[in-house]
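J.: Below is the file coords-v5.txt, with compact mmCIF, C-alpha atoms.
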# COMPACT_ATOMS: atom_id res chain seq x y z
CA MET A 47 19.42 3.70 -15.12
CA ASP A 48 23.15 4.37 -15.36
CA LYS A 49 22.26 7.27 -17.70
CA ILE A 50 20.57 9.03 -14.76
CA VAL A 51 22.64 8.18 -11.67
CA LYS A 52 26.28 7.48 -11.01
CA ARG A 53 25.71 4.96 -8.24
CA ILE A 54 23.47 1.88 -8.35
CA ILE A 55 22.84 -0.20 -5.23
CA LYS A 56 21.99 -3.88 -5.62
CA LEU A 57 20.26 -5.63 -2.71
CA ASN A 58 18.43 -8.81 -1.92
CA PHE A 59 15.00 -8.04 -0.49
CA GLU A 60 15.86 -9.41 2.95
CA ASP A 61 18.80 -6.98 3.21
CA ILE A 62 16.72 -3.81 2.72
CA PHE A 63 15.57 -3.36 6.31
CA ASN A 64 19.05 -3.03 7.78
CA TYR A 65 20.75 -1.26 4.86
CA ASN A 66 22.15 2.23 5.47
CA PHE A 67 20.67 4.14 2.54
CA PRO A 68 22.49 7.34 1.58
CA THR A 69 20.78 10.71 2.04
CA ASN A 70 21.08 13.79 -0.14
CA GLU A 71 22.38 11.63 -2.96
CA PHE A 72 20.47 10.52 -6.06
CA VAL A 73 21.05 6.77 -6.42
CA GLY A 74 19.63 3.79 -8.24
CA LEU A 75 18.39 0.65 -6.53
CA ILE A 76 17.91 -2.83 -7.98
CA VAL A 77 16.16 -5.32 -5.70
CA ASN A 78 16.39 -9.07 -6.05
CA PHE A 79 13.12 -10.60 -4.85
CA HIS A 80 14.29 -14.09 -5.82
CA ASP A 81 11.62 -14.39 -8.52
CA GLY A 82 13.77 -13.64 -11.57
CA VAL A 83 12.33 -10.12 -12.00
CA LYS A 84 14.41 -6.93 -11.88
CA TYR A 85 12.77 -4.36 -9.59
CA GLU A 86 14.33 -0.96 -10.28
CA PHE A 87 14.04 2.29 -8.33
CA LEU A 88 15.55 5.75 -8.12
CA LEU A 89 16.02 7.10 -4.59
CA ASN A 90 16.55 10.69 -3.49
CA LEU A 91 16.30 10.49 0.29
CA LYS A 92 16.47 13.50 2.59
CA GLU A 93 16.19 14.29 6.30
CA ASP A 94 12.42 14.39 6.03
CA ASN A 95 9.59 12.39 7.57
CA HIS A 96 7.57 12.34 4.34
CA LEU A 97 8.07 9.89 1.50
CA LEU A 98 6.79 10.72 -1.97
CA VAL A 99 6.59 7.67 -4.27
CA ILE A 100 6.17 8.39 -7.98
CA GLY A 101 5.00 6.08 -10.73
CA SER A 102 5.32 6.60 -14.47
CA GLY A 103 2.81 6.95 -17.25
CA LEU A 104 2.95 5.14 -20.57
CA ARG A 105 6.06 5.05 -22.70
CA GLN A 106 5.27 7.29 -25.66
CA LYS A 107 4.71 5.55 -29.00
CA ASN A 108 7.63 7.31 -30.71
CA SER A 109 9.82 7.37 -27.61
CA LYS A 110 13.55 7.11 -28.14
CA ILE A 111 13.90 5.32 -24.81
CA ASP A 112 15.28 1.80 -25.22
CA VAL A 113 12.50 -0.69 -24.48
CA ASN A 114 14.95 -2.61 -22.31
CA ARG A 115 15.56 0.38 -20.05
CA PRO A 116 13.40 1.39 -17.05
CA VAL A 117 10.95 4.29 -17.31
CA PHE A 118 11.12 7.00 -14.62
CA HIS A 119 8.98 10.03 -15.37
CA ARG A 120 9.56 13.36 -13.52
CA TRP A 121 12.83 12.13 -12.00
CA SER A 122 14.53 15.50 -12.66
CA TRP A 123 11.86 17.57 -10.88
CA LYS A 124 12.80 19.33 -7.64
CA PHE A 125 10.64 17.70 -4.99
CA LYS A 126 11.11 18.82 -1.38
CA GLU A 127 10.37 15.40 0.11
CA SER A 128 12.30 12.17 0.07
CA THR A 129 11.35 10.54 -3.21
CA ILE A 130 11.26 7.06 -4.67
CA PHE A 131 10.64 6.51 -8.37
CA TYR A 132 9.73 2.96 -9.39
CA ASN A 133 9.78 1.23 -12.74
CA ASP A 134 7.09 -1.24 -13.74
CA PRO A 135 8.95 -4.36 -14.97
CA THR A 136 5.80 -5.46 -16.81
CA ILE A 137 7.05 -3.41 -19.77
CA TYR A 138 9.92 -5.88 -20.23
CA ILE A 139 7.54 -8.75 -20.98
CA HIS A 140 7.13 -7.64 -24.62
CA LYS A 141 8.32 -4.69 -26.71
CA ASP A 142 4.74 -3.88 -27.76
CA LEU A 143 3.76 -3.01 -24.18
CA ALA A 144 3.87 0.77 -23.79
CA GLY A 145 2.73 0.23 -20.22
CA GLY A 146 1.85 -2.63 -17.93
CA TRP A 147 -0.11 -1.07 -15.04
CA GLY A 148 1.95 -3.32 -12.75
CA VAL A 149 -0.08 -6.43 -13.61
CA GLY A 150 3.00 -8.62 -14.19
CA THR A 151 2.31 -12.20 -15.25
CA ILE A 152 -0.41 -14.65 -14.30
CA GLU A 153 1.94 -16.21 -11.72
CA ASN A 154 3.53 -13.02 -10.41
CA TYR A 155 1.77 -9.75 -9.52
CA TYR A 156 4.63 -7.27 -9.95
CA LEU A 157 2.94 -4.23 -8.38
CA LYS A 158 2.22 -6.14 -5.18
CA LYS A 159 5.92 -7.02 -4.98
CA ILE A 160 6.76 -3.34 -5.54
CA SER A 161 4.44 -2.41 -2.65
CA ILE A 162 6.25 -4.84 -0.35
CA ILE A 163 9.65 -3.43 -1.33
CA ILE A 164 8.55 0.18 -0.84
CA LYS A 165 7.04 -0.66 2.56
CA GLU A 166 10.31 -2.32 3.59
CA ILE A 167 12.29 0.78 2.57
CA ALA A 168 9.86 2.98 4.52
CA GLU A 169 10.25 0.81 7.60
CA ASN A 170 14.02 1.14 7.27
CA LEU A 171 13.59 4.93 7.18
CA LYS A 172 11.08 4.81 10.08
CA ILE A 173 8.44 6.53 7.95
CA LYS A 174 4.84 5.87 8.97
CA ASN A 175 2.23 4.80 6.44
CA GLN A 176 0.32 8.06 6.95
CA ASP A 177 3.41 9.97 5.77
CA MET A 178 3.72 8.01 2.51
CA PHE A 179 2.27 9.73 -0.58
CA PHE A 180 1.86 7.93 -3.91
CA TYR A 181 1.62 10.19 -6.96
CA GLY A 182 1.13 9.36 -10.61
CA SER A 183 -0.86 10.41 -13.66
CA SER A 184 -2.72 8.16 -16.09
CA GLN A 185 -1.13 4.70 -15.68
CA GLY A 186 0.91 6.11 -12.77
CA GLY A 187 -2.32 7.35 -11.19
CA PHE A 188 -3.83 3.88 -11.40
CA MET A 189 -0.74 2.33 -9.81
CA SER A 190 -0.69 5.01 -7.08
CA LEU A 191 -4.24 4.07 -6.12
CA VAL A 192 -3.31 0.38 -6.05
CA LEU A 193 -0.28 1.02 -3.83
CA SER A 194 -2.28 3.18 -1.41
CA ILE A 195 -4.80 0.35 -1.04
CA LEU A 196 -2.12 -2.29 -0.51
CA ILE A 197 -0.24 -0.07 1.98
CA LYS A 198 -3.04 0.88 4.35
CA ASN A 199 -3.32 4.43 5.75
CA SER A 200 -1.01 5.88 3.10
CA VAL A 201 -2.19 8.61 0.70
CA ALA A 202 -2.79 8.47 -3.06
CA ILE A 203 -2.62 11.50 -5.34
CA ALA A 204 -3.93 10.22 -8.66
CA GLU A 205 -4.20 12.50 -11.68
CA VAL A 206 -6.37 11.46 -14.67
CA PRO A 207 -6.00 7.79 -13.63
CA GLN A 208 -7.57 4.76 -15.20
CA PHE A 209 -9.94 3.05 -12.77
CA ASP A 210 -10.56 0.04 -15.00
CA VAL A 211 -7.73 -0.72 -17.43
CA SER A 212 -10.03 -2.76 -19.68
CA LEU A 213 -11.90 0.47 -20.53
CA PHE A 214 -8.75 2.30 -21.67
CA THR A 215 -7.71 2.20 -25.33
CA LYS A 216 -8.35 -1.11 -27.10
CA SER A 217 -4.74 -1.52 -28.27
CA HIS A 218 -3.31 -1.26 -24.76
CA TRP A 219 -5.91 -3.62 -23.31
CA ASP A 220 -5.43 -6.15 -26.12
CA ASN A 221 -1.67 -6.15 -25.54
CA LEU A 222 -2.13 -6.72 -21.80
CA ARG A 223 -4.46 -9.63 -22.48
CA LYS A 224 -2.09 -11.12 -25.06
CA TYR A 225 1.27 -10.79 -23.30
CA CYS A 226 0.43 -10.65 -19.57
CA PHE A 227 -2.66 -12.83 -19.34
CA LEU A 228 -1.68 -15.25 -22.11
CA GLY A 229 -4.68 -14.48 -24.28
CA LEU A 230 -7.35 -15.23 -21.65
CA ASP A 231 -10.72 -13.77 -22.56
CA GLU A 232 -11.91 -10.67 -20.75
CA TYR A 233 -14.43 -12.55 -18.59
CA ASP A 234 -11.81 -14.92 -17.18
CA ILE A 235 -9.33 -12.11 -16.55
CA LYS A 236 -11.88 -10.09 -14.62
CA LYS A 237 -13.07 -13.14 -12.69
CA LYS A 238 -9.59 -14.37 -11.69
CA TYR A 239 -7.46 -11.22 -11.74
CA GLY A 240 -9.99 -8.39 -11.52
CA GLU A 241 -8.24 -6.69 -8.60
CA ARG A 242 -5.14 -6.16 -10.76
CA ILE A 243 -6.94 -4.15 -13.46
CA ASP A 244 -9.92 -2.60 -11.67
CA ILE A 245 -9.67 -0.23 -8.68
CA ILE A 246 -13.23 -0.94 -7.54
CA GLU A 247 -12.53 -4.68 -7.53
CA LEU A 248 -9.31 -4.16 -5.54
CA ILE A 249 -11.17 -2.06 -2.97
CA LYS A 250 -13.79 -4.79 -2.66
CA THR A 251 -11.12 -7.51 -2.37
CA GLU A 252 -9.16 -5.61 0.29
CA LYS A 253 -12.36 -4.28 1.92
CA TYR A 254 -10.57 -0.99 2.24
CA ILE A 255 -11.24 2.47 0.81
CA PRO A 256 -7.99 4.42 0.39
CA ASN A 257 -7.20 7.93 1.54
CA ALA A 258 -7.08 9.33 -1.98
CA TYR A 259 -7.11 12.60 -3.88
CA LEU A 260 -8.39 12.24 -7.45
CA ILE A 261 -7.65 15.00 -9.96
CA LEU A 262 -9.91 14.44 -12.96
CA ASP A 263 -10.54 16.35 -16.21
CA SER A 264 -14.23 16.52 -17.08
CA SER A 265 -13.60 18.55 -20.25
CA SER A 266 -12.17 15.56 -22.11
CA SER A 267 -14.86 13.34 -23.66
CA PHE A 268 -12.42 10.41 -23.74
CA GLU A 269 -11.61 10.87 -20.07
CA LEU A 270 -15.26 11.30 -19.16
CA ASN A 271 -16.48 8.19 -20.98
CA SER A 272 -13.58 5.77 -20.45
CA SER A 273 -12.80 6.62 -16.84
CA ILE A 274 -14.87 9.14 -14.86
CA LEU A 275 -18.46 8.11 -15.62
CA PRO A 276 -17.83 4.34 -15.33
CA PHE A 277 -16.14 4.95 -11.96
CA PHE A 278 -18.96 7.18 -10.71
CA ASN A 279 -21.54 4.62 -11.84
CA ARG A 280 -19.92 1.97 -9.65
CA LEU A 281 -19.43 3.98 -6.47
CA LEU A 282 -22.33 2.20 -4.79
CA GLU A 283 -20.31 -1.03 -4.96
CA LEU A 284 -17.75 0.32 -2.50
CA PRO A 285 -17.78 -1.24 0.99
CA TYR A 286 -18.82 1.95 2.77
CA SER A 287 -18.62 1.99 6.54
CA ASN A 288 -18.30 4.60 9.25
CA TYR A 289 -14.64 3.73 9.73
CA GLN A 290 -13.46 4.05 6.14
CA ASN A 291 -11.26 6.74 4.60
CA ASN A 292 -12.40 9.40 2.16
CA ILE A 293 -11.83 9.76 -1.57
CA LYS A 294 -11.54 13.45 -2.43
CA ILE A 295 -12.39 14.34 -6.03
CA ARG A 296 -11.32 17.47 -7.90
CA LEU A 297 -12.96 17.93 -11.30
CA ASP A 298 -10.95 20.22 -13.58
CA GLY A 299 -11.83 21.54 -17.01
CA LYS A 300 -8.46 22.41 -18.44
CA ASN A 301 -9.38 21.44 -22.01
CA LYS A 302 -6.07 19.67 -22.54
CA GLY A 303 -7.40 16.14 -22.82
CA HIS A 304 -5.78 13.25 -21.01
CA SER A 305 -2.87 15.19 -19.52
CA ALA A 306 -1.34 16.04 -16.16
CA GLN A 307 -0.71 19.48 -14.68
CA PRO A 308 2.45 21.35 -15.63
CA GLN A 309 5.38 21.07 -13.23
CA GLU A 310 4.84 24.24 -11.20
CA ASP A 311 1.12 23.57 -10.68
CA LEU A 312 1.66 19.93 -9.81
CA LEU A 313 4.38 20.67 -7.25
CA ASP A 314 2.03 23.17 -5.63
CA THR A 315 -0.83 20.63 -5.58
CA ILE A 316 1.34 17.97 -3.95
CA GLU A 317 2.65 20.41 -1.33
CA LYS A 318 -0.88 21.54 -0.43
CA ILE A 319 -2.12 17.96 -0.05
CA ILE A 320 0.85 17.01 2.15
CA SER A 321 0.28 20.11 4.28
CA LEU A 322 -3.41 19.25 4.61
CA GLU A 323 -2.62 15.70 5.70
CA ASP A 324 -0.03 16.98 8.19
CA LYS A 325 -2.62 19.27 9.78
CA LYS A 326 -5.10 16.40 9.99
CA ASN A 327 -2.53 14.12 11.62
CA SER A 328 -1.41 16.85 14.04
CA LEU A 329 -4.87 16.78 15.63
CA ARG A 330 -4.03 13.38 17.04
CA LEU A 331 -2.60 12.97 20.53
CA PRO A 332 0.98 14.30 20.82
CA ASN A 333 3.62 11.62 20.28
CA VAL A 334 4.92 12.00 23.83
CA PHE A 335 1.66 10.42 25.09
CA GLU A 336 0.84 8.24 22.12
CA LYS A 337 3.23 5.42 22.96
CA HIS A 338 1.53 4.94 26.34
CA ILE A 339 -1.86 4.18 24.80
CA THR A 340 -0.77 2.30 21.67
CA SER A 341 -1.65 -1.37 21.59
CA ARG A 342 0.11 -3.90 19.44
CA ILE A 343 -1.79 -7.03 18.47
CA ASP A 344 -0.02 -9.87 16.63
CA LEU A 345 -2.27 -12.37 14.86
CA LYS A 346 -1.39 -15.61 13.11
CA ASN A 347 -3.05 -18.82 11.93
CA TYR A 348 -0.31 -21.39 12.49
CA GLY A 349 -0.21 -24.39 10.18
CA ASN A 350 1.77 -24.59 6.96
CA GLU A 351 3.22 -22.02 4.56
CA ASN A 352 -0.23 -21.49 2.99
CA ASN A 353 -1.91 -20.53 6.26
CA SER A 354 -2.86 -16.88 6.66
CA ILE A 355 -5.46 -14.45 7.98
CA GLU A 356 -7.64 -12.14 5.89
CA ILE A 357 -9.07 -8.96 7.41
CA ILE A 358 -12.80 -8.54 6.86
CA GLU A 359 -13.46 -5.53 9.07
CA ILE A 360 -11.64 -3.23 11.52
CA SER A 361 -13.49 -0.50 13.41
CA ASP A 362 -10.44 1.81 13.65
CA SER A 363 -9.66 3.40 10.30
CA GLU A 364 -6.33 4.71 11.65
CA CYS A 365 -5.17 1.27 12.76
CA SER A 366 -1.81 0.32 11.26
CA VAL A 367 -2.12 -3.04 9.48
CA GLU A 368 1.08 -4.77 8.40
CA TYR A 369 2.14 -8.18 7.14
CA PRO A 370 5.82 -8.04 8.16
CA ASN A 371 8.36 -10.15 6.32
CA TRP A 372 9.66 -11.56 9.63
CA PHE A 373 6.16 -12.87 10.45
CA LYS A 374 6.04 -15.15 7.40
CA ASP A 375 7.59 -18.62 7.41
CA ASN A 376 6.70 -22.26 6.80
CA SER A 377 4.03 -22.04 9.53
CA GLY A 378 2.08 -19.31 7.74
CA GLU A 379 1.82 -15.53 7.35
CA GLY A 380 0.95 -13.33 10.32
CA LEU A 381 -0.11 -9.73 10.67
CA LYS A 382 0.60 -6.90 13.10
CA LEU A 383 -1.91 -4.28 14.23
CA GLU A 384 -1.12 -1.06 16.10
CA SER A 385 -3.82 1.33 17.34
CA ILE A 386 -4.23 4.25 19.76
CA ASN A 387 -8.02 4.10 19.70
CA GLY A 388 -8.48 2.36 23.07
CA ASP A 389 -10.98 -0.17 21.80
CA MET A 390 -11.43 -2.01 18.55
CA TYR A 391 -13.68 -4.52 16.79
CA ILE A 392 -11.91 -6.86 14.37
CA LYS A 393 -13.41 -9.47 12.07
CA LEU A 394 -11.03 -11.93 10.41
CA LYS A 395 -11.13 -15.02 8.23
CA CYS A 396 -8.67 -17.88 8.76
CA VAL A 397 -7.25 -19.47 5.61
CA ASN A 398 -6.69 -23.24 6.10
CA ASP A 399 -7.09 -25.32 9.23
CA GLY A 400 -4.68 -24.29 11.97
CA ILE A 401 -4.09 -22.79 15.39
CA PHE A 402 -5.25 -19.20 15.63
CA SER A 403 -3.11 -17.10 17.98
CA ILE A 404 -3.63 -13.55 19.24
CA LYS A 405 -0.81 -11.86 21.15
CA LEU A 406 -1.55 -8.66 23.12
CA ARG A 407 1.41 -6.40 23.88
CA SER A 408 2.64 -2.80 23.85
CA ILE A 409 4.75 -1.27 21.09
CA ASP A 410 8.45 -1.98 20.65
CA PHE A 411 9.86 1.33 21.90
CA VAL A 412 13.59 1.85 21.36
CA LYS A 413 15.53 4.95 22.40
CA GLU A 414 19.26 5.36 21.87
CA ASN A 415 19.53 1.68 20.87
CA GLU A 416 17.93 0.54 24.13
CA ARG A 417 14.50 -1.07 24.36
CA ILE A 418 12.42 0.72 26.98
CA PRO A 419 9.38 -1.13 28.33
CA ILE A 420 6.03 0.62 27.89
CA PHE A 421 3.22 -0.78 30.04
CA ILE A 422 -0.45 -0.74 29.07
CA ASN A 423 -3.60 -2.38 30.42
CA PHE A 424 -5.73 -4.68 28.31
CA ASN A 425 -9.14 -4.43 29.95
CA LYS A 426 -11.27 -6.62 27.70
CA LEU A 427 -10.86 -9.41 25.16
CA ILE A 428 -13.93 -11.13 23.70
CA ILE A 429 -13.50 -13.67 20.90
CA ASN A 430 -16.61 -14.96 19.10
CA ASN A 431 -18.74 -13.75 22.05
CA GLU A 432 -16.61 -15.68 24.56
CA ILE A 433 -15.14 -13.51 27.32
CA ILE A 434 -11.39 -14.13 27.55
CA ILE A 435 -10.30 -11.07 29.56
CA ASP A 436 -12.71 -9.15 31.80
CA LYS A 437 -10.30 -7.42 34.20
CA PRO A 438 -7.11 -5.42 33.53
CA ILE A 439 -4.00 -7.32 32.50
CA ILE A 440 -0.72 -5.38 32.40
CA VAL A 441 1.57 -6.12 29.43
CA ASP A 442 4.63 -4.68 27.77
CA PHE A 443 6.45 -5.67 24.59
CA ASN A 444 8.26 -8.69 26.05
CA ASN A 445 5.68 -9.70 28.67
CA HIS A 446 2.62 -10.21 26.54
CA TYR A 447 -0.69 -12.06 26.77
CA VAL A 448 -1.40 -14.94 24.36
CA PHE A 449 -4.63 -16.71 23.52
CA SER A 450 -4.87 -19.59 21.02
CA LYS A 451 -7.60 -21.79 19.61
CA GLU A 452 -8.05 -24.36 16.84
CA VAL A 453 -9.72 -23.05 13.69
CA LYS A 454 -11.07 -24.49 10.44
CA ASP A 455 -10.50 -23.25 6.91
CA ASN A 456 -12.59 -20.12 6.18
CA GLU A 457 -13.63 -19.82 9.84
CA ASN A 458 -14.45 -16.25 10.87
CA ILE A 459 -13.07 -14.78 14.10
CA GLU A 460 -14.71 -11.74 15.73
CA ILE A 461 -12.64 -9.86 18.31
CA ASP A 462 -13.66 -7.13 20.74
CA VAL A 463 -10.67 -5.68 22.57
CA SER A 464 -10.04 -2.61 24.73
CA TRP A 465 -6.99 -1.15 26.45
CA GLY A 466 -5.63 1.94 28.18
CA PRO A 467 -2.63 3.38 30.02
CA VAL A 468 -1.47 1.88 33.30
Translate this structure into structure tokens?
T.:
Amino acid sequence: MDKIVKRIIKLNFEDIFNYNFPTNEFVGLIVNFHDGVKYEFLLNLKEDNHLLVIGSGLRQKNSKIDVNRPVFHRWSWKFKESTIFYNDPTIYIHKDLAGGWGVGTIENYYLKKISIIIKEIAENLKIKNQDMFFYGSSQGGFMSLVLSILIKNSVAIAEVPQFDVSLFTKSHWDNLRKYCFLGLDEYDIKKKYGERIDIIELIKTEKYIPNAYLILDSSSSFELNSSILPFFNRLLELPYSNYQNNIKIRLDGKNKGHSAQPQEDLLDTIEKIISLEDKKNSLRLPNVFEKHITSRIDLKNYGNENNSIEIIEISDSECSVEYPNWFKDNSGEGLKLESINGDMYIKLKCVNDGIFSIKLRSIDFVKENERIPIFINFNKLIINNEIIIDKPIIVDFNNHYVFSKEVKDNENIEIDVSWGPV
């Protein structure tokens, strides 16, 4: 990385949120996640509310790049947006790995850790999920899709991606099995770790269809048979619902095989997609009013460090879903929801016996370093068909409403909630 940038920042993960990242300066970043893995990034941050996150393709077979150095493709391109380039540390596991698709080791899913780090940087920069764009081609396209599923309401731009890594070339798949999954047979890998190698399986696991733009090449027989047709054949497995996002598919016929667009064309494609998403988001209520109708709902299953909550269904596709680092401790992992929809149906599953808690409040609105209370009415709260709130209750960020109940492992919780301005 020191061959690319003059300055390299080294941070522990917990220090990211409050760090003053430089703007208009190309810097390196190494994050210590306390798991013995080196997570490496290049940052080129600007005064912009978009964040473009770029993953790399495979290291070429005859590449002169040292196998112990990170891989950052397209780092020298002139992107208009703030950009983050990430390296996949899976390639360090063994010199024969030309790529790792972020799978990491059996014990440690590297790409999920990368998603957590990127989300923490975005929160530091006050960039919303809807303004985060993940681009990559081939392996980078696969990882961009994964990241857009893990970071809900973000956008994936995936060019000639793999959808199921096991269907890519035999040599690459064999190396992944040998060095990352310790020689497990294909059946066991797909049964235990299918969401790491198969986009359809990850969508089914997360019960979430990403906002994605797929750029595919139908003129390549390899691409058609190893990627496109198998993906199309499995589309019926997706958890379709009237609140899910859309996957937009562009089929090209450029007759160049498994390859990405040239620089000028790709920059134009990315700019057009960002512009399209901006127009779509601009149709929402203006920000000056939005804060007055935004609910914040904190949910947690209190018990021990293994307690958590899994989302099964949410009726608002625009709802922000986050698992903040500050909401995870030895009593379990909680999640934070924010929505402007006015009413919402939520179905959850509690992991482990515990005390389920739902906290209704308004957003944390800060202006000029001063917290300003925003008041909203919660008009209805029904949990598992039991009416908890049936008349307006006024809350703000500090003065919230809390409901708790005992739950058993794997118990489902169904929530109907509605709110509005005071």
J.: Considering only C-alpha atoms, state which residue in the set A:Lys216, A:Lys346, A:Lys92, A:His304 is at the smallest distance from Ser266 of chain A.
T.: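 Once distances to Ser266 of chain A are computed over only C-alpha atoms, the minimum belongs to A:His304.
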J.: With a cut-off of 12 Å, could you pull out the residues of segment 306-342 of chain A touching segment 250-264 of chain A and give me the nearest pair of atoms for each, distance in Å to one decimal, using only C-alpha atoms, ordered by chain and ascending number, as JSON lines?
T.:
{"residue": "A:Ala306", "atom": "CA", "partner": "A:Ile261", "partner_atom": "CA", "distance": 8.9}
{"residue": "A:Gln307", "atom": "CA", "partner": "A:Ile261", "partner_atom": "CA", "distance": 9.5}
{"residue": "A:Leu312", "atom": "CA", "partner": "A:Ile261", "partner_atom": "CA", "distance": 10.5}
{"residue": "A:Thr315", "atom": "CA", "partner": "A:Ile261", "partner_atom": "CA", "distance": 9.9}
{"residue": "A:Ile316", "atom": "CA", "partner": "A:Tyr259", "partner_atom": "CA", "distance": 10.0}
{"residue": "A:Lys318", "atom": "CA", "partner": "A:Tyr259", "partner_atom": "CA", "distance": 11.4}
{"residue": "A:Ile319", "atom": "CA", "partner": "A:Tyr259", "partner_atom": "CA", "distance": 8.3}
{"residue": "A:Ile320", "atom": "CA", "partner": "A:Tyr259", "partner_atom": "CA", "distance": 10.9}
{"residue": "A:Leu322", "atom": "CA", "partner": "A:Tyr259", "partner_atom": "CA", "distance": 11.4}
{"residue": "A:Glu323", "atom": "CA", "partner": "A:Asn257", "partner_atom": "CA", "distance": 9.9}
J.: Do a neighbour search on segment 232-234 of chain A at 10 Å with all atoms listed in the file, toss out local chain neighbours closer than 3 positions, and write the hits as a list in words.
T.: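 The neighbour list is Ser212, Trp219, Asp220, Arg223, Phe227, Gly229, Lys237, Lys238, Tyr239 and Gly240 of chain A.
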J.: Using only C-alpha atoms, determine which residues lie at most 9 Å from Val99 of chain A, disregarding the query and same-chain residues fewer than 6 positions distant; provide the list as a compact mmCIF listing (two decimals) with C-alpha atoms, keeping the file's coordinate frame.
T.:
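Result file follows (out11.txt):
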# COMPACT_ATOMS: atom_id res chain seq x y z
CA SER A 128 12.30 12.17 0.07
CA THR A 129 11.35 10.54 -3.21
CA ILE A 130 11.26 7.06 -4.67
CA PHE A 131 10.64 6.51 -8.37
CA TYR A 132 9.73 2.96 -9.39
CA ILE A 164 8.55 0.18 -0.84
CA MET A 178 3.72 8.01 2.51
CA PHE A 179 2.27 9.73 -0.58
CA PHE A 180 1.86 7.93 -3.91
CA TYR A 181 1.62 10.19 -6.96
CA GLY A 182 1.13 9.36 -10.61
CA SER A 190 -0.69 5.01 -7.08
J.: Within 10 Å of segment 159-163 of chain A, which residues of segment 193-274 of chain A show up? Give each one with its shortest atom-to-atom distance in Å (one decimal) and the two atoms involved, counting all atoms listed in the file, rows by chain then rising residue number, as a Markdown table.
T.:
| residue | atom | partner | partner_atom | distance |
| --- | --- | --- | --- | --- |
| A:Leu193 | CA | A:Ser161 | CA | 6.0 |
| A:Ser194 | CA | A:Ser161 | CA | 8.8 |
| A:Ile195 | CA | A:Ser161 | CA | 9.8 |
| A:Leu196 | CA | A:Ser161 | CA | 6.9 |
| A:Ile197 | CA | A:Ser161 | CA | 7.0 |
J.: Quick one: pull the distance between atom CA of Gly103 of chain A and atom CA of Pro285 of chain A, Å, one decimal.
T.: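 These two atoms are separated by 28.7 Å.
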J.: Enter the distance from atom CA of Arg407 of chain A to atom CA of Phe443 of chain A, in Å, rounded to one decimal.
T.: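 Between atom CA of Arg407 of chain A and atom CA of Phe443 of chain A the gap is 5.1 Å.
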J.: Would you kindly return, as a list in words, each protein, DNA or RNA residue with an atom no farther than 9 Å from any atom of Ile246 of chain A, considering only C-alpha atoms and excluding same-chain residues fewer than 2 positions away?
T.: Phe209, Asp210, Glu241, Asp244, Leu248, Ile249, Lys250, Thr251, Phe277, Arg280, Leu281, Glu283 and Leu284 of chain A
J.: From the list A:Asn114, A:Tyr85, A:Arg105, A:His140, which residue is nearest Lys158 of chain A when using all atoms listed in the file?
T.: A:Tyr85
J.: What does the distance from atom CA of Asn371 of chain A to atom CA of Glu153 of chain A come to in Å, to one decimal?
T.: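 Computing the Euclidean distance for atom CA of Asn371 of chain A and atom CA of Glu153 of chain A yields 20.1 Å.
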